[in-house]
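Novice: The structure is given below, and queries will be raised subsequently.
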2 protein chains.
Amino acid sequence: MLAKQKELIVQLLRSSKLSITDTRVKILELFLKSNGALEHADFEKLSGKSFDRVTIYRTLQTFLDKGIVHKIPTTDTSVRYAICKSDCREHEHHDHHVHFRCEECGSTRCLEETDIPVISLPKGYDAHNVEVVVSGVCKECK
Amino acid sequence: MLAKQKELIVQLLRSSKLSITDTRVKILELFLKSNGALEHADFEKLSGKSFDRVTIYRTLQTFLDKGIVHKIPTTDTSVRYAICKSDCREHEHHDHHVHFRCEECGSTRCLEETDIPVISLPKGYDAHNVEVVVSGVCKECK
DNA sequence: GATGTTTATGCAACATTGTTGCAATTTTAT
DNA sequence: ATAAAATTGCAACAATGTTGCATAAACATC
């Protein structure tokens, strides 16, 4: 791993008041490397099974709590996580971008540059958060 | 069950070329009764555990294949199903409406009257389907 | 750097959820 | 009423997620 990237990860953990551990550094490294959404099984594969399943679950939950990562909705039982690029604060996460899932390669990524449109709901409904997941074919797979 | 509703359900199954069985009738009845999205566990509870788990899984899969129901994206491991109100054809399902999840009562419903906006993706991306899930507080819970 | 305190990890055991093959039952068509 | 086709239930398994507790690692202080 690049020293520069390691430094970035350490900064990120420190600013969330989390202690620096091998598991957390490795998982963040995988996030930065992948530039897409990851699910639990990916961490077990990509890390070479060097960490216990339970530790991975707990680490992802911690990152969620601290607003370091966010979940992406899926229509199956998998739970996908993506790293938050911008202004997410602890317990106050909101995505302001669209998620794209490629039907060819199966990858899910955040389209940071694509804004979520305003949805006008029927009378009586209060919206707190809007999730948009577009599926189709990505740039690379065409 | 009302005779009228039963007739409706039988019609629905016949038009999808499915045989009329107790499980299928019961599950469709639960869908019509609930006016919201249901997940697997709901069927086990609501049906009084009169059907085998496996049968429920297979029935829901059959309904999906025939376009009778559709899945709604979630950020957890649950898989939610809602009955299709309008023009879904076999193997060609597309939602054209927004899904709303209430943070108070936990119910998920289809907002049939709320259209999905057009999303303009970055160059090179082809969109086939767009899912929108809004979370907040529903009419009844305010 | 060593030391005590706090925090995170790994293990075991368990709970929940989803899948597959096969025999028995039900539905449908004749 | 009967045979063929489809559906169901059971058993066994696989995958996924959770909890308690002892051990190990990280941190703050000296």
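Labels used: A, B, ... for chains in the order of the structure tokens, numbers from 1 for residues in each chain, and numbers from 1 for ligands as shown.
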Chain B near chain D within 9 Å: what's each residue's closest atom pair and its distance in Å to one decimal, counting only C-alpha atoms (C1' of nucleotides), ordered by chain then ascending residue number, as a Markdown table?

Specialist:
| residue | atom | partner | partner_atom | distance |
| --- | --- | --- | --- | --- |
| B:Ser19 | CA | D:DA6 | C1' | 8.1 |
| B:Thr21 | CA | D:DT7 | C1' | 8.1 |
| B:Phe51 | CA | D:DG9 | C1' | 8.7 |
| B:Asp52 | CA | D:DG9 | C1' | 6.5 |
| B:Val54 | CA | D:DG9 | C1' | 8.2 |
| B:Thr55 | CA | D:DT8 | C1' | 6.6 |

Novice: Deliver the residues from the most recent selection as a file, using N, CA and C atoms, as a short mmCIF file (atom, residue, chain, number, x, y, z; two decimals), in the first residue's frame.

Specialist:
data_model
loop_
_atom_site.label_atom_id
_atom_site.label_comp_id
_atom_site.auth_asym_id
_atom_site.auth_seq_id
_atom_site.Cartn_x
_atom_site.Cartn_y
_atom_site.Cartn_z
N SER B 19 -51.97 -22.45 -12.06
CA SER B 19 -53.07 -23.21 -11.48
C SER B 19 -53.48 -22.61 -10.13
N THR B 21 -54.17 -22.71 -6.53
CA THR B 21 -53.85 -23.51 -5.34
C THR B 21 -54.09 -22.67 -4.09
N PHE B 51 -48.39 -22.64 5.81
CA PHE B 51 -47.65 -23.10 4.63
C PHE B 51 -46.18 -23.27 4.95
N ASP B 52 -45.58 -24.15 4.23
CA ASP B 52 -44.15 -24.40 4.38
C ASP B 52 -43.35 -23.19 3.88
N VAL B 54 -40.62 -23.13 2.26
CA VAL B 54 -40.17 -23.35 0.88
C VAL B 54 -41.26 -23.01 -0.12
N THR B 55 -42.47 -23.38 0.21
CA THR B 55 -43.59 -23.10 -0.68
C THR B 55 -43.78 -21.59 -0.85
#

Novice: From segment 30-88 of chain B, collect each residue whose DSSP state is helix (DSSP H, G or I) and return the set as an mmCIF file with N, CA and C atoms, in the first residue's frame.

Specialist:
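This is the output file part-v7.cif:
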data_model
loop_
_atom_site.group_PDB
_atom_site.id
_atom_site.type_symbol
_atom_site.label_atom_id
_atom_site.label_comp_id
_atom_site.auth_asym_id
_atom_site.auth_seq_id
_atom_site.Cartn_x
_atom_site.Cartn_y
_atom_site.Cartn_z
ATOM 1 N N LEU B 30 -53.394 -11.926 1.071
ATOM 2 C CA LEU B 30 -52.624 -11.127 2.016
ATOM 3 C C LEU B 30 -52.107 -9.845 1.366
ATOM 4 N N PHE B 31 -51.690 -9.955 0.109
ATOM 5 C CA PHE B 31 -51.232 -8.766 -0.617
ATOM 6 C C PHE B 31 -52.354 -7.746 -0.728
ATOM 7 N N LEU B 32 -53.518 -8.202 -1.146
ATOM 8 C CA LEU B 32 -54.635 -7.288 -1.359
ATOM 9 C C LEU B 32 -55.084 -6.662 -0.039
ATOM 10 N N LYS B 33 -55.036 -7.453 1.024
ATOM 11 C CA LYS B 33 -55.464 -6.979 2.328
ATOM 12 C C LYS B 33 -54.517 -5.919 2.898
ATOM 13 N N SER B 34 -53.210 -6.074 2.613
ATOM 14 C CA SER B 34 -52.211 -5.276 3.328
ATOM 15 C C SER B 34 -51.989 -3.873 2.770
ATOM 16 N N HIS B 40 -40.962 -11.890 3.245
ATOM 17 C CA HIS B 40 -41.198 -13.304 3.458
ATOM 18 C C HIS B 40 -41.769 -13.605 4.838
ATOM 19 N N ALA B 41 -41.145 -13.052 5.865
ATOM 20 C CA ALA B 41 -41.557 -13.336 7.242
ATOM 21 C C ALA B 41 -43.021 -12.962 7.480
ATOM 22 N N ASP B 42 -43.504 -11.918 6.811
ATOM 23 C CA ASP B 42 -44.898 -11.508 6.971
ATOM 24 C C ASP B 42 -45.854 -12.616 6.558
ATOM 25 N N PHE B 43 -45.507 -13.320 5.498
ATOM 26 C CA PHE B 43 -46.397 -14.374 5.011
ATOM 27 C C PHE B 43 -46.472 -15.517 6.007
ATOM 28 N N GLU B 44 -45.345 -15.805 6.625
ATOM 29 C CA GLU B 44 -45.346 -16.867 7.629
ATOM 30 C C GLU B 44 -46.217 -16.469 8.811
ATOM 31 N N LYS B 45 -46.082 -15.207 9.239
ATOM 32 C CA LYS B 45 -46.884 -14.719 10.363
ATOM 33 C C LYS B 45 -48.353 -14.636 9.971
ATOM 34 N N LEU B 46 -48.635 -13.880 8.914
ATOM 35 C CA LEU B 46 -50.019 -13.568 8.545
ATOM 36 C C LEU B 46 -50.820 -14.801 8.149
ATOM 37 N N ARG B 53 -42.216 -22.924 4.523
ATOM 38 C CA ARG B 53 -41.362 -21.820 4.098
ATOM 39 C C ARG B 53 -40.991 -21.940 2.633
ATOM 40 N N VAL B 54 -40.620 -23.133 2.260
ATOM 41 C CA VAL B 54 -40.169 -23.354 0.885
ATOM 42 C C VAL B 54 -41.264 -23.008 -0.118
ATOM 43 N N THR B 55 -42.472 -23.383 0.210
ATOM 44 C CA THR B 55 -43.590 -23.096 -0.679
ATOM 45 C C THR B 55 -43.781 -21.593 -0.854
ATOM 46 N N ILE B 56 -43.625 -20.865 0.213
ATOM 47 C CA ILE B 56 -43.764 -19.409 0.133
ATOM 48 C C ILE B 56 -42.664 -18.819 -0.761
ATOM 49 N N TYR B 57 -41.439 -19.264 -0.548
ATOM 50 C CA TYR B 57 -40.352 -18.779 -1.404
ATOM 51 C C TYR B 57 -40.673 -19.036 -2.866
ATOM 52 N N ARG B 58 -41.093 -20.264 -3.158
ATOM 53 C CA ARG B 58 -41.344 -20.620 -4.549
ATOM 54 C C ARG B 58 -42.539 -19.875 -5.123
ATOM 55 N N THR B 59 -43.551 -19.672 -4.308
ATOM 56 C CA THR B 59 -44.729 -18.936 -4.782
ATOM 57 C C THR B 59 -44.357 -17.494 -5.130
ATOM 58 N N LEU B 60 -43.580 -16.863 -4.265
ATOM 59 C CA LEU B 60 -43.189 -15.482 -4.530
ATOM 60 C C LEU B 60 -42.334 -15.406 -5.793
ATOM 61 N N GLN B 61 -41.453 -16.388 -5.969
ATOM 62 C CA GLN B 61 -40.617 -16.412 -7.166
ATOM 63 C C GLN B 61 -41.479 -16.566 -8.419
ATOM 64 N N THR B 62 -42.488 -17.418 -8.332
ATOM 65 C CA THR B 62 -43.402 -17.611 -9.456
ATOM 66 C C THR B 62 -44.127 -16.304 -9.797
ATOM 67 N N PHE B 63 -44.616 -15.638 -8.765
ATOM 68 C CA PHE B 63 -45.324 -14.365 -8.977
ATOM 69 C C PHE B 63 -44.407 -13.324 -9.602
ATOM 70 N N LEU B 64 -43.145 -13.322 -9.168
ATOM 71 C CA LEU B 64 -42.163 -12.413 -9.758
ATOM 72 C C LEU B 64 -41.996 -12.707 -11.245
ATOM 73 N N ASP B 65 -41.800 -13.983 -11.551
ATOM 74 C CA ASP B 65 -41.590 -14.399 -12.945
ATOM 75 C C ASP B 65 -42.758 -13.983 -13.826
#

Novice: Kindly provide, as a ChimeraX atom specification, the residues of chain A having any atom no farther than 6 Å from an atom of chain B, counting only C-alpha atoms.

Specialist: /A:71-79,124-139

Novice: Please check the contacts: residues of chain C at most 12 Å away from chain A, using only C-alpha atoms (C1' of nucleotides), listed as a list of chain:residue names.

Specialist: C:DT6, C:DT7, C:DA8, C:DT9, C:DG10, C:DC11, C:DA12, C:DT17, C:DG18

Novice: Chain A vs chain B: Cα RMSD after least-squares superposition over all Cα in order?

Specialist: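 Between these identical-sequence chains, the C-alpha RMSD is 0.1 Å.
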
Novice: In Å, how far is it from atom CA of Ser107 of chain A to atom CA of Ile68 of chain A?

Specialist: 20.1 Å

Novice: Figure out the distance between atom C1' of DT16 of chain C and atom CA of Ser47 of chain A, please, to one decimal in Å.

Specialist: 25.8 Å

Novice: What does the structure give for the distance between atom CA of Thr108 of chain A and atom CA of Glu39 of chain A, in Å to one decimal?

Specialist: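 Atom CA of Glu39 of chain A lies at a distance of 10.1 Å from atom CA of Thr108 of chain A.
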
Novice: Mind the document's chain letters and residue numbers, and return as a PyMOL selection string the residues of segment 47-115 of chain A that DSSP labels strand (DSSP E or B).

Specialist: chain A and resi 69-72+74+80-83+97-102+108-115
